[in-house]
Amino acid sequence: MKISKEEVEHIAKLARLEIDEKEKERFAHQLSDVLNHMEKLDQLDTEYVEPTSHILPIHNVFKGDEIKEVFPMADPLSNAPQKDHGHYRVPKIVE
Amino acid sequence: MDYEAIIGLEVHTQLLTKSKIFCSCSTQFGAKPNQHTCPICLGMPGVLPVLNRDVVEFTIRTALATNCRIAPSNRFARKNYFYPDLPKGYQISQYELPLAMDGYIEIGSNETKKRIGITRIHMEEDAGKLIHGENLGHPDSSYVDFNRTGVPLMEIVSEPDIRAPEEAREYLLKLKAILEYIEVCDCNMEEGNLRCDANISVRPEGRREFGVKAELKNMNSFKNVQRALEYEIKRQVQTLEKGEEIVQETRLWDVNSERTISMRSKEEAHDYRYFPEPDLVPTVISEDWIEDVRSKLPELPDAKKERFVREYGIPEYDAGVLTSSRSLADYYEACVRLFPNPKIISNWVMGDILRELKDDERGISECPITPGHLTGMLRMIEDGRISGKIAKIVFEEMYRSGKMPDEVVKEKGLVQISDEGELLIFVDRVIEENPDMVEAYQKGKTKLFGYFIGEVMKASKGKANPALVNKFLKDRLDCNV
């Protein structure tokens, strides 16, 4: 499978990564190599294998509907780079 | 050319759990910003979400109440996008394996009944709240409150079965009634615990293929949903009539200008790269669990409406209004138990009570007139202690002050006069003062009888017992012939 330069640009944009022209070429190559490598799995017969999203045979792990202070936080904003009026402050979002 | 609208609705509802969907923070509204947060809902590295069992239970309840099929196994997926109200950089939602699908709810009356299909119902977490700069300090900043982050949401997606804005409103009202009955959501659109987006397209009548659709957002009341859809149908038809094409896009309803506005800027980002959430295990819902939830379901709006018609002999329309909310239906039935005349009660509740509440924008639970007040007053009418006319005054006063009817009657001296001697004083005075009228009446102008009744009532300030006044006046006027 071949990943194009345009696809690399799209993925970089979605991931908010800034990359230059040379990197785009390099990543297109590398990502194509990775996918080609994974394609080897297609040679296996998986007709009777359920698609796997979890490797552990467990299900229904629940918590009760209770309010608990599991991890006391004196100040949830203490690590915020910018804060104001009890809020996290971020660059203005324009819709 | 005539056009037909094709509408599907996506409804997001905040579930009434005490704690959040994947952590134990409170969901209580109105706390100081960022106080109901923890490392899990803030998306700190290394934390693990654990699913709140009641969220699953509430969603099963909703699935059963909307005739859905419940998947034996469902799982969560990550929906990836960047936005400051989403601390993890992804929303935990459901994608290819939702909890429920293929349901329906019915709208319309018995003659016009129509099914609106439900495509799917899934669980997800809410995002935080953004406040924009000018409202809180720097105009070049936005401010984030994560208290709402991780509050459980249920998304209910309808089939494109809705054909008119009025149908969309009916569907929403029915859905709201069901969700309130089964106590999973408060359903207050203005407060944002029920939100609605719409997909809408138009096509020339008779054509089978769907037209290009627009997605409408930001409609925060039932009225706005209807208005936005009405506007959008007009806009799309006009565009097509001009020979132009509809662009697939998201549009925002603007309440002030009463228009929908394109927000094309966001289109590029619609690539969510969903994948199964590795931090949460699948949820398996057994038949036993489903049957347990089913056995605890309350009577639903449609069933209650049918029972009201059958049991109380009231018209379908009345039964529909009275069962539109569970608390109103409970109020009605409490009244009927205290004063078993369902039709009279229906008239008072649907008329005077709902009118007063609507004027004050109150719900039935805030009504100062309890079933005890109302039926106490009705009994006074029945016993002849007050007239129907006086009852209106008593009603107003009870609504204003919350006082019991006998108290109001005593305080205001409103007791009906049924004493023969007292009534005859009024009757004789009216006859004495209107000799010309009496003569005309006795010469055959019997229509004047109503005039005499009116005069006696006026003289007694409305307190005379009308039935007795009628009798005494007749005796007096007719015997003198």
# chains A, B, ... in the order shown; residues from 1 in each chain; ligands from 1
$ closest_atom_pairs --of "segment 119-162 of chain B" --to "segment 70-87 of chain A" --cutoff "9 Å" --atoms "only C-alpha atoms" --output "CSV"
residue,atom,partner,partner_atom,distance
B:Leu136,CA,A:His85,CA,7.8
B:Gly137,CA,A:Asp84,CA,8.3
B:Tyr143,CA,A:His87,CA,5.6
B:Val144,CA,A:His87,CA,5.4
B:Asp145,CA,A:His87,CA,5.7
B:Phe146,CA,A:His87,CA,8.6
$ interface_residues --of "chain B" --to "chain A" --cutoff "6 Å" --atoms "only C-alpha atoms" --output "list in words"
Ser19, Ser24, Cys25, Ser26, Pro33, Val50, Leu51, Asn52, Arg53, Asp140, Ser141, Ser142, Tyr143, Val144, Asp145, Val281, Pro282 and Thr283 of chain B
$ residues_around --residues "Ser221 of chain B" --least-positions-apart "3" --cutoff "9 Å" --atoms "only C-alpha atoms" --output "list in words"
Asn188, Met189, Glu190, Arg195, Cys196, Asn224, Val225 and Gln226 of chain B
$ write_last_selection --atoms "all heavy atoms" --output "PDB file, in the first residue's frame"
ATOM      1  N   ASN B 188     -34.778  19.536  29.479  1.00  0.00           N
ATOM      2  CA  ASN B 188     -34.969  20.974  29.364  1.00  0.00           C
ATOM      3  C   ASN B 188     -34.049  21.508  28.272  1.00  0.00           C
ATOM      4  O   ASN B 188     -32.836  21.582  28.452  1.00  0.00           O
ATOM      5  CB  ASN B 188     -34.667  21.631  30.708  1.00  0.00           C
ATOM      6  CG  ASN B 188     -35.048  23.092  30.712  1.00  0.00           C
ATOM      7  OD1 ASN B 188     -34.935  23.779  29.695  1.00  0.00           O
ATOM      8  ND2 ASN B 188     -35.498  23.580  31.843  1.00  0.00           N
ATOM      9  N   MET B 189     -34.636  21.840  27.120  1.00  0.00           N
ATOM     10  CA  MET B 189     -33.805  22.274  25.992  1.00  0.00           C
ATOM     11  C   MET B 189     -33.090  23.587  26.286  1.00  0.00           C
ATOM     12  O   MET B 189     -31.957  23.784  25.891  1.00  0.00           O
ATOM     13  CB  MET B 189     -34.648  22.439  24.722  1.00  0.00           C
ATOM     14  CG  MET B 189     -34.763  21.158  23.929  1.00  0.00           C
ATOM     15  SD  MET B 189     -35.448  21.449  22.292  1.00  0.00           S
ATOM     16  CE  MET B 189     -33.976  21.558  21.309  1.00  0.00           C
ATOM     17  N   GLU B 190     -33.796  24.505  26.989  1.00  0.00           N
ATOM     18  CA  GLU B 190     -33.185  25.799  27.286  1.00  0.00           C
ATOM     19  C   GLU B 190     -31.945  25.616  28.177  1.00  0.00           C
ATOM     20  O   GLU B 190     -30.979  26.340  28.048  1.00  0.00           O
ATOM     21  CB  GLU B 190     -34.191  26.735  27.966  1.00  0.00           C
ATOM     22  CG  GLU B 190     -35.193  27.373  27.003  1.00  0.00           C
ATOM     23  CD  GLU B 190     -36.332  26.434  26.613  1.00  0.00           C
ATOM     24  OE1 GLU B 190     -36.416  25.324  27.179  1.00  0.00           O
ATOM     25  OE2 GLU B 190     -37.126  26.812  25.737  1.00  0.00           O
ATOM     26  N   ARG B 195     -30.526  18.348  23.609  1.00  0.00           N
ATOM     27  CA  ARG B 195     -30.076  19.159  22.464  1.00  0.00           C
ATOM     28  C   ARG B 195     -30.461  18.446  21.179  1.00  0.00           C
ATOM     29  O   ARG B 195     -30.492  17.223  21.129  1.00  0.00           O
ATOM     30  CB  ARG B 195     -28.561  19.334  22.474  1.00  0.00           C
ATOM     31  CG  ARG B 195     -28.045  20.064  23.701  1.00  0.00           C
ATOM     32  CD  ARG B 195     -26.533  19.894  23.859  1.00  0.00           C
ATOM     33  NE  ARG B 195     -26.235  19.577  25.248  1.00  0.00           N
ATOM     34  CZ  ARG B 195     -25.124  18.980  25.656  1.00  0.00           C
ATOM     35  NH1 ARG B 195     -24.182  18.633  24.785  1.00  0.00           N
ATOM     36  NH2 ARG B 195     -24.939  18.722  26.930  1.00  0.00           N
ATOM     37  N   CYS B 196     -30.762  19.233  20.161  1.00  0.00           N
ATOM     38  CA  CYS B 196     -31.240  18.613  18.927  1.00  0.00           C
ATOM     39  C   CYS B 196     -30.535  19.192  17.707  1.00  0.00           C
ATOM     40  O   CYS B 196     -30.451  20.408  17.553  1.00  0.00           O
ATOM     41  CB  CYS B 196     -32.746  18.846  18.821  1.00  0.00           C
ATOM     42  SG  CYS B 196     -33.440  18.255  17.301  1.00  0.00           S
ATOM     43  N   ASN B 224     -37.541  26.815  18.296  1.00  0.00           N
ATOM     44  CA  ASN B 224     -36.443  27.097  17.377  1.00  0.00           C
ATOM     45  C   ASN B 224     -36.217  25.977  16.379  1.00  0.00           C
ATOM     46  O   ASN B 224     -35.849  26.229  15.227  1.00  0.00           O
ATOM     47  CB  ASN B 224     -35.139  27.346  18.150  1.00  0.00           C
ATOM     48  CG  ASN B 224     -35.081  28.750  18.697  1.00  0.00           C
ATOM     49  OD1 ASN B 224     -35.729  29.651  18.166  1.00  0.00           O
ATOM     50  ND2 ASN B 224     -34.317  28.945  19.754  1.00  0.00           N
ATOM     51  N   VAL B 225     -36.401  24.737  16.816  1.00  0.00           N
ATOM     52  CA  VAL B 225     -36.235  23.610  15.891  1.00  0.00           C
ATOM     53  C   VAL B 225     -37.222  23.766  14.746  1.00  0.00           C
ATOM     54  O   VAL B 225     -36.871  23.689  13.571  1.00  0.00           O
ATOM     55  CB  VAL B 225     -36.462  22.260  16.609  1.00  0.00           C
ATOM     56  CG1 VAL B 225     -36.502  21.121  15.598  1.00  0.00           C
ATOM     57  CG2 VAL B 225     -35.368  22.008  17.633  1.00  0.00           C
ATOM     58  N   GLN B 226     -38.472  24.049  15.117  1.00  0.00           N
ATOM     59  CA  GLN B 226     -39.501  24.173  14.094  1.00  0.00           C
ATOM     60  C   GLN B 226     -39.212  25.358  13.167  1.00  0.00           C
ATOM     61  O   GLN B 226     -39.281  25.235  11.943  1.00  0.00           O
ATOM     62  CB  GLN B 226     -40.857  24.346  14.783  1.00  0.00           C
ATOM     63  CG  GLN B 226     -42.008  23.998  13.880  1.00  0.00           C
ATOM     64  CD  GLN B 226     -43.342  24.061  14.609  1.00  0.00           C
ATOM     65  OE1 GLN B 226     -43.379  24.103  15.844  1.00  0.00           O
ATOM     66  NE2 GLN B 226     -44.424  24.078  13.862  1.00  0.00           N
TER      67      GLN B 226
END
$ select_by_dssp --residues "chain A" --states "alpha helix (DSSP H)" --output "ChimeraX atom specification"
/A:5-14,21-38
$ write_last_selection --atoms "N, CA and C atoms" --output "PDB file, in the first residue's frame"
ATOM      1  N   LYS A   5       1.955  11.783  -0.655  1.00  0.00           N
ATOM      2  CA  LYS A   5       2.369  12.986   0.058  1.00  0.00           C
ATOM      3  C   LYS A   5       1.135  13.741   0.570  1.00  0.00           C
ATOM      4  N   GLU A   6       0.067  13.730  -0.221  1.00  0.00           N
ATOM      5  CA  GLU A   6      -1.165  14.435   0.177  1.00  0.00           C
ATOM      6  C   GLU A   6      -1.768  13.798   1.435  1.00  0.00           C
ATOM      7  N   GLU A   7      -1.705  12.475   1.498  1.00  0.00           N
ATOM      8  CA  GLU A   7      -2.233  11.801   2.686  1.00  0.00           C
ATOM      9  C   GLU A   7      -1.406  12.159   3.922  1.00  0.00           C
ATOM     10  N   VAL A   8      -0.103  12.244   3.739  1.00  0.00           N
ATOM     11  CA  VAL A   8       0.753  12.643   4.856  1.00  0.00           C
ATOM     12  C   VAL A   8       0.378  14.047   5.323  1.00  0.00           C
ATOM     13  N   GLU A   9       0.142  14.921   4.358  1.00  0.00           N
ATOM     14  CA  GLU A   9      -0.244  16.301   4.713  1.00  0.00           C
ATOM     15  C   GLU A   9      -1.555  16.323   5.494  1.00  0.00           C
ATOM     16  N   HIS A  10      -2.512  15.521   5.039  1.00  0.00           N
ATOM     17  CA  HIS A  10      -3.816  15.463   5.704  1.00  0.00           C
ATOM     18  C   HIS A  10      -3.686  14.953   7.145  1.00  0.00           C
ATOM     19  N   ILE A  11      -2.926  13.868   7.301  1.00  0.00           N
ATOM     20  CA  ILE A  11      -2.734  13.286   8.638  1.00  0.00           C
ATOM     21  C   ILE A  11      -2.009  14.276   9.551  1.00  0.00           C
ATOM     22  N   ALA A  12      -0.999  14.943   8.986  1.00  0.00           N
ATOM     23  CA  ALA A  12      -0.244  15.919   9.784  1.00  0.00           C
ATOM     24  C   ALA A  12      -1.165  17.051  10.234  1.00  0.00           C
ATOM     25  N   LYS A  13      -2.063  17.458   9.344  1.00  0.00           N
ATOM     26  CA  LYS A  13      -2.971  18.547   9.690  1.00  0.00           C
ATOM     27  C   LYS A  13      -3.914  18.122  10.807  1.00  0.00           C
ATOM     28  N   LEU A  14      -4.452  16.900  10.685  1.00  0.00           N
ATOM     29  CA  LEU A  14      -5.368  16.399  11.723  1.00  0.00           C
ATOM     30  C   LEU A  14      -4.652  16.271  13.068  1.00  0.00           C
ATOM     31  N   GLU A  21       8.810  19.919   3.628  1.00  0.00           N
ATOM     32  CA  GLU A  21       8.686  19.141   2.394  1.00  0.00           C
ATOM     33  C   GLU A  21       9.480  17.832   2.458  1.00  0.00           C
ATOM     34  N   LYS A  22      10.755  17.960   2.967  1.00  0.00           N
ATOM     35  CA  LYS A  22      11.610  16.777   3.016  1.00  0.00           C
ATOM     36  C   LYS A  22      11.003  15.706   3.917  1.00  0.00           C
ATOM     37  N   GLU A  23      10.448  16.152   5.051  1.00  0.00           N
ATOM     38  CA  GLU A  23       9.831  15.210   5.990  1.00  0.00           C
ATOM     39  C   GLU A  23       8.602  14.536   5.364  1.00  0.00           C
ATOM     40  N   LYS A  24       7.856  15.300   4.593  1.00  0.00           N
ATOM     41  CA  LYS A  24       6.661  14.727   3.949  1.00  0.00           C
ATOM     42  C   LYS A  24       7.050  13.545   3.076  1.00  0.00           C
ATOM     43  N   GLU A  25       8.129  13.741   2.263  1.00  0.00           N
ATOM     44  CA  GLU A  25       8.602  12.662   1.383  1.00  0.00           C
ATOM     45  C   GLU A  25       9.025  11.452   2.235  1.00  0.00           C
ATOM     46  N   ARG A  26       9.812  11.751   3.280  1.00  0.00           N
ATOM     47  CA  ARG A  26      10.360  10.677   4.092  1.00  0.00           C
ATOM     48  C   ARG A  26       9.245   9.882   4.795  1.00  0.00           C
ATOM     49  N   PHE A  27       8.276  10.630   5.383  1.00  0.00           N
ATOM     50  CA  PHE A  27       7.196   9.943   6.101  1.00  0.00           C
ATOM     51  C   PHE A  27       6.312   9.138   5.145  1.00  0.00           C
ATOM     52  N   ALA A  28       6.115   9.657   3.931  1.00  0.00           N
ATOM     53  CA  ALA A  28       5.300   8.920   2.955  1.00  0.00           C
ATOM     54  C   ALA A  28       5.934   7.557   2.696  1.00  0.00           C
ATOM     55  N   HIS A  29       7.258   7.563   2.533  1.00  0.00           N
ATOM     56  CA  HIS A  29       7.990   6.319   2.334  1.00  0.00           C
ATOM     57  C   HIS A  29       7.853   5.392   3.526  1.00  0.00           C
ATOM     58  N   GLN A  30       8.173   5.956   4.690  1.00  0.00           N
ATOM     59  CA  GLN A  30       8.200   5.131   5.901  1.00  0.00           C
ATOM     60  C   GLN A  30       6.831   4.544   6.218  1.00  0.00           C
ATOM     61  N   LEU A  31       5.777   5.384   6.090  1.00  0.00           N
ATOM     62  CA  LEU A  31       4.428   4.896   6.397  1.00  0.00           C
ATOM     63  C   LEU A  31       4.030   3.807   5.404  1.00  0.00           C
ATOM     64  N   SER A  32       4.413   3.986   4.142  1.00  0.00           N
ATOM     65  CA  SER A  32       4.120   2.953   3.137  1.00  0.00           C
ATOM     66  C   SER A  32       4.816   1.652   3.514  1.00  0.00           C
ATOM     67  N   ASP A  33       6.065   1.754   3.968  1.00  0.00           N
ATOM     68  CA  ASP A  33       6.808   0.553   4.372  1.00  0.00           C
ATOM     69  C   ASP A  33       6.115  -0.161   5.528  1.00  0.00           C
ATOM     70  N   VAL A  34       5.683   0.627   6.498  1.00  0.00           N
ATOM     71  CA  VAL A  34       5.013   0.025   7.665  1.00  0.00           C
ATOM     72  C   VAL A  34       3.765  -0.733   7.216  1.00  0.00           C
ATOM     73  N   LEU A  35       2.955  -0.075   6.376  1.00  0.00           N
ATOM     74  CA  LEU A  35       1.713  -0.718   5.931  1.00  0.00           C
ATOM     75  C   LEU A  35       1.998  -1.947   5.087  1.00  0.00           C
ATOM     76  N   ASN A  36       3.034  -1.861   4.240  1.00  0.00           N
ATOM     77  CA  ASN A  36       3.393  -3.031   3.433  1.00  0.00           C
ATOM     78  C   ASN A  36       3.779  -4.204   4.325  1.00  0.00           C
ATOM     79  N   HIS A  37       4.511  -3.860   5.394  1.00  0.00           N
ATOM     80  CA  HIS A  37       4.929  -4.906   6.318  1.00  0.00           C
ATOM     81  C   HIS A  37       3.701  -5.576   6.956  1.00  0.00           C
ATOM     82  N   MET A  38       2.738  -4.735   7.370  1.00  0.00           N
ATOM     83  CA  MET A  38       1.533  -5.266   8.017  1.00  0.00           C
ATOM     84  C   MET A  38       0.703  -6.107   7.054  1.00  0.00           C
TER      85      MET A  38
END
$ select_by_dssp --residues "chain A" --states "strand (DSSP E)" --output "PyMOL selection string"
chain A and resi 62-63+83-84+87-91
$ atom_distance --atom1 "atom CA of Lys223 of chain B" --atom2 "atom CA of Val255 of chain B"
10.5 Å
$ residues_around --residues "Arg75 of chain B" --least-positions-apart "6" --cutoff "10 Å" --atoms "only C-alpha atoms" --output "ChimeraX atom specification"
/A:53,59 /B:93-99,122-123,276-278,280-284
$ write_last_selection --atoms "C-alpha atoms" --output "compact mmCIF listing (two decimals), in the first residue's frame"
# COMPACT_ATOMS: atom_id res chain seq x y z
CA SER A 53 -10.55 -5.22 19.87
CA HIS A 59 -16.52 -7.82 29.77
CA SER B 93 -18.42 7.46 22.12
CA GLN B 94 -19.91 4.47 20.32
CA TYR B 95 -19.54 3.94 16.62
CA GLU B 96 -20.04 0.68 14.78
CA LEU B 97 -21.49 -1.23 17.76
CA PRO B 98 -24.06 0.99 19.54
CA LEU B 99 -26.19 -0.31 22.40
CA HIS B 122 -25.66 5.13 21.87
CA MET B 123 -23.79 6.27 24.98
CA PRO B 276 -12.25 0.77 19.34
CA GLU B 277 -11.52 2.25 22.79
CA PRO B 278 -8.80 -0.01 24.19
CA LEU B 280 -12.86 -0.12 28.10
CA VAL B 281 -14.00 -3.71 27.78
CA PRO B 282 -17.12 -4.63 25.79
CA THR B 283 -20.52 -4.48 27.50
CA VAL B 284 -22.56 -7.65 27.24
$ residues_around --residues "Leu468 of chain B" --least-positions-apart "2" --cutoff "10 Å" --atoms "only C-alpha atoms" --output "list in words"
Ile417, Ser418, Asp419, Glu420, Leu423, Leu424, Ala464, Asn465, Pro466, Asn470, Lys471, Phe472, Leu473 and Lys474 of chain B
$ write_last_selection --atoms "C-alpha atoms" --output "PDB file, in the first residue's frame"
ATOM      1  CA  ILE B 417     -76.942  32.264  49.529  1.00  0.00           C
ATOM      2  CA  SER B 418     -79.499  29.453  49.527  1.00  0.00           C
ATOM      3  CA  ASP B 419     -81.707  30.734  52.297  1.00  0.00           C
ATOM      4  CA  GLU B 420     -85.224  31.289  50.951  1.00  0.00           C
ATOM      5  CA  LEU B 423     -83.120  35.226  48.345  1.00  0.00           C
ATOM      6  CA  LEU B 424     -86.709  36.464  48.221  1.00  0.00           C
ATOM      7  CA  ALA B 464     -77.180  33.837  45.126  1.00  0.00           C
ATOM      8  CA  ASN B 465     -77.773  30.177  44.368  1.00  0.00           C
ATOM      9  CA  PRO B 466     -78.708  30.373  40.663  1.00  0.00           C
ATOM     10  CA  ASN B 470     -84.495  30.633  38.938  1.00  0.00           C
ATOM     11  CA  LYS B 471     -87.211  28.863  40.887  1.00  0.00           C
ATOM     12  CA  PHE B 472     -88.265  31.832  43.041  1.00  0.00           C
ATOM     13  CA  LEU B 473     -88.291  34.259  40.132  1.00  0.00           C
ATOM     14  CA  LYS B 474     -90.466  31.913  38.124  1.00  0.00           C
TER      15      LYS B 474
END
$ decode --residues "segment 1-93 of chain A" --atoms "C-alpha atoms" --output "PDB file, in the first residue's frame"
ATOM      1  CA  MET A   1       0.000   0.000   0.000  1.00  0.00           C
ATOM      2  CA  LYS A   2       1.323   3.387  -1.014  1.00  0.00           C
ATOM      3  CA  ILE A   3       0.822   6.470   1.142  1.00  0.00           C
ATOM      4  CA  SER A   4       0.871   9.662  -0.912  1.00  0.00           C
ATOM      5  CA  LYS A   5       2.369  12.986   0.058  1.00  0.00           C
ATOM      6  CA  GLU A   6      -1.165  14.435   0.177  1.00  0.00           C
ATOM      7  CA  GLU A   7      -2.233  11.801   2.686  1.00  0.00           C
ATOM      8  CA  VAL A   8       0.753  12.643   4.856  1.00  0.00           C
ATOM      9  CA  GLU A   9      -0.244  16.301   4.713  1.00  0.00           C
ATOM     10  CA  HIS A  10      -3.816  15.463   5.704  1.00  0.00           C
ATOM     11  CA  ILE A  11      -2.734  13.286   8.638  1.00  0.00           C
ATOM     12  CA  ALA A  12      -0.244  15.919   9.784  1.00  0.00           C
ATOM     13  CA  LYS A  13      -2.971  18.547   9.690  1.00  0.00           C
ATOM     14  CA  LEU A  14      -5.368  16.399  11.723  1.00  0.00           C
ATOM     15  CA  ALA A  15      -2.605  15.752  14.273  1.00  0.00           C
ATOM     16  CA  ARG A  16      -1.646  19.438  14.311  1.00  0.00           C
ATOM     17  CA  LEU A  17       1.946  18.619  13.255  1.00  0.00           C
ATOM     18  CA  GLU A  18       4.060  20.980  11.256  1.00  0.00           C
ATOM     19  CA  ILE A  19       6.412  19.163   8.881  1.00  0.00           C
ATOM     20  CA  ASP A  20       8.532  20.389   5.985  1.00  0.00           C
ATOM     21  CA  GLU A  21       8.686  19.141   2.394  1.00  0.00           C
ATOM     22  CA  LYS A  22      11.610  16.777   3.016  1.00  0.00           C
ATOM     23  CA  GLU A  23       9.831  15.210   5.990  1.00  0.00           C
ATOM     24  CA  LYS A  24       6.661  14.727   3.949  1.00  0.00           C
ATOM     25  CA  GLU A  25       8.602  12.662   1.383  1.00  0.00           C
ATOM     26  CA  ARG A  26      10.360  10.677   4.092  1.00  0.00           C
ATOM     27  CA  PHE A  27       7.196   9.943   6.101  1.00  0.00           C
ATOM     28  CA  ALA A  28       5.300   8.920   2.955  1.00  0.00           C
ATOM     29  CA  HIS A  29       7.990   6.319   2.334  1.00  0.00           C
ATOM     30  CA  GLN A  30       8.200   5.131   5.901  1.00  0.00           C
ATOM     31  CA  LEU A  31       4.428   4.896   6.397  1.00  0.00           C
ATOM     32  CA  SER A  32       4.120   2.953   3.137  1.00  0.00           C
ATOM     33  CA  ASP A  33       6.808   0.553   4.372  1.00  0.00           C
ATOM     34  CA  VAL A  34       5.013   0.025   7.665  1.00  0.00           C
ATOM     35  CA  LEU A  35       1.713  -0.718   5.931  1.00  0.00           C
ATOM     36  CA  ASN A  36       3.393  -3.031   3.433  1.00  0.00           C
ATOM     37  CA  HIS A  37       4.929  -4.906   6.318  1.00  0.00           C
ATOM     38  CA  MET A  38       1.533  -5.266   8.017  1.00  0.00           C
ATOM     39  CA  GLU A  39       0.022  -6.535   4.788  1.00  0.00           C
ATOM     40  CA  LYS A  40       1.928  -9.758   5.352  1.00  0.00           C
ATOM     41  CA  LEU A  41      -0.842 -10.587   7.848  1.00  0.00           C
ATOM     42  CA  ASP A  42      -3.284 -10.761   4.949  1.00  0.00           C
ATOM     43  CA  GLN A  43      -1.669 -14.060   3.963  1.00  0.00           C
ATOM     44  CA  LEU A  44      -3.133 -15.687   7.072  1.00  0.00           C
ATOM     45  CA  ASP A  45      -6.507 -17.375   6.858  1.00  0.00           C
ATOM     46  CA  THR A  46      -8.637 -15.448   9.420  1.00  0.00           C
ATOM     47  CA  GLU A  47     -12.024 -16.622   8.232  1.00  0.00           C
ATOM     48  CA  TYR A  48     -12.935 -18.151  11.592  1.00  0.00           C
ATOM     49  CA  VAL A  49     -11.265 -15.561  13.793  1.00  0.00           C
ATOM     50  CA  GLU A  50     -13.449 -12.870  15.393  1.00  0.00           C
ATOM     51  CA  PRO A  51     -12.192  -9.308  14.901  1.00  0.00           C
ATOM     52  CA  THR A  52     -10.254  -8.518  18.059  1.00  0.00           C
ATOM     53  CA  SER A  53     -10.547  -5.215  19.873  1.00  0.00           C
ATOM     54  CA  HIS A  54      -9.489  -6.673  23.225  1.00  0.00           C
ATOM     55  CA  ILE A  55      -7.153  -9.501  24.020  1.00  0.00           C
ATOM     56  CA  LEU A  56      -8.531 -10.137  27.512  1.00  0.00           C
ATOM     57  CA  PRO A  57     -11.626 -12.350  27.794  1.00  0.00           C
ATOM     58  CA  ILE A  58     -13.454 -10.000  30.137  1.00  0.00           C
ATOM     59  CA  HIS A  59     -16.516  -7.818  29.771  1.00  0.00           C
ATOM     60  CA  ASN A  60     -18.859  -5.701  31.912  1.00  0.00           C
ATOM     61  CA  VAL A  61     -16.435  -3.924  34.191  1.00  0.00           C
ATOM     62  CA  PHE A  62     -18.590  -1.297  35.897  1.00  0.00           C
ATOM     63  CA  LYS A  63     -18.523   1.248  38.661  1.00  0.00           C
ATOM     64  CA  GLY A  64     -21.605   2.106  40.745  1.00  0.00           C
ATOM     65  CA  ASP A  65     -23.241   5.497  40.342  1.00  0.00           C
ATOM     66  CA  GLU A  66     -21.630   7.116  43.373  1.00  0.00           C
ATOM     67  CA  ILE A  67     -19.882  10.425  43.846  1.00  0.00           C
ATOM     68  CA  LYS A  68     -16.430   9.845  45.294  1.00  0.00           C
ATOM     69  CA  GLU A  69     -13.301  11.864  45.572  1.00  0.00           C
ATOM     70  CA  VAL A  70     -10.956   9.267  44.200  1.00  0.00           C
ATOM     71  CA  PHE A  71      -8.005  11.532  43.737  1.00  0.00           C
ATOM     72  CA  PRO A  72      -8.136  14.656  45.881  1.00  0.00           C
ATOM     73  CA  MET A  73      -7.149  17.720  43.921  1.00  0.00           C
ATOM     74  CA  ALA A  74      -6.572  20.838  45.957  1.00  0.00           C
ATOM     75  CA  ASP A  75      -6.442  22.883  42.792  1.00  0.00           C
ATOM     76  CA  PRO A  76      -7.322  21.349  39.428  1.00  0.00           C
ATOM     77  CA  LEU A  77      -5.740  24.363  37.755  1.00  0.00           C
ATOM     78  CA  SER A  78      -2.342  24.077  39.423  1.00  0.00           C
ATOM     79  CA  ASN A  79      -0.616  22.754  36.301  1.00  0.00           C
ATOM     80  CA  ALA A  80      -2.379  25.021  33.852  1.00  0.00           C
ATOM     81  CA  PRO A  81       0.003  27.214  31.856  1.00  0.00           C
ATOM     82  CA  GLN A  82      -2.647  29.923  31.729  1.00  0.00           C
ATOM     83  CA  LYS A  83      -5.652  30.380  34.014  1.00  0.00           C
ATOM     84  CA  ASP A  84      -8.132  33.041  35.025  1.00  0.00           C
ATOM     85  CA  HIS A  85     -11.353  33.262  37.090  1.00  0.00           C
ATOM     86  CA  GLY A  86     -11.197  29.555  37.965  1.00  0.00           C
ATOM     87  CA  HIS A  87     -11.021  28.611  34.284  1.00  0.00           C
ATOM     88  CA  TYR A  88      -8.321  27.255  32.016  1.00  0.00           C
ATOM     89  CA  ARG A  89      -7.411  30.032  29.627  1.00  0.00           C
ATOM     90  CA  VAL A  90      -6.721  29.134  25.992  1.00  0.00           C
ATOM     91  CA  PRO A  91      -6.266  31.073  22.735  1.00  0.00           C
ATOM     92  CA  LYS A  92      -9.586  32.381  21.491  1.00  0.00           C
ATOM     93  CA  ILE A  93     -11.632  29.839  19.589  1.00  0.00           C
TER      94      ILE A  93
END
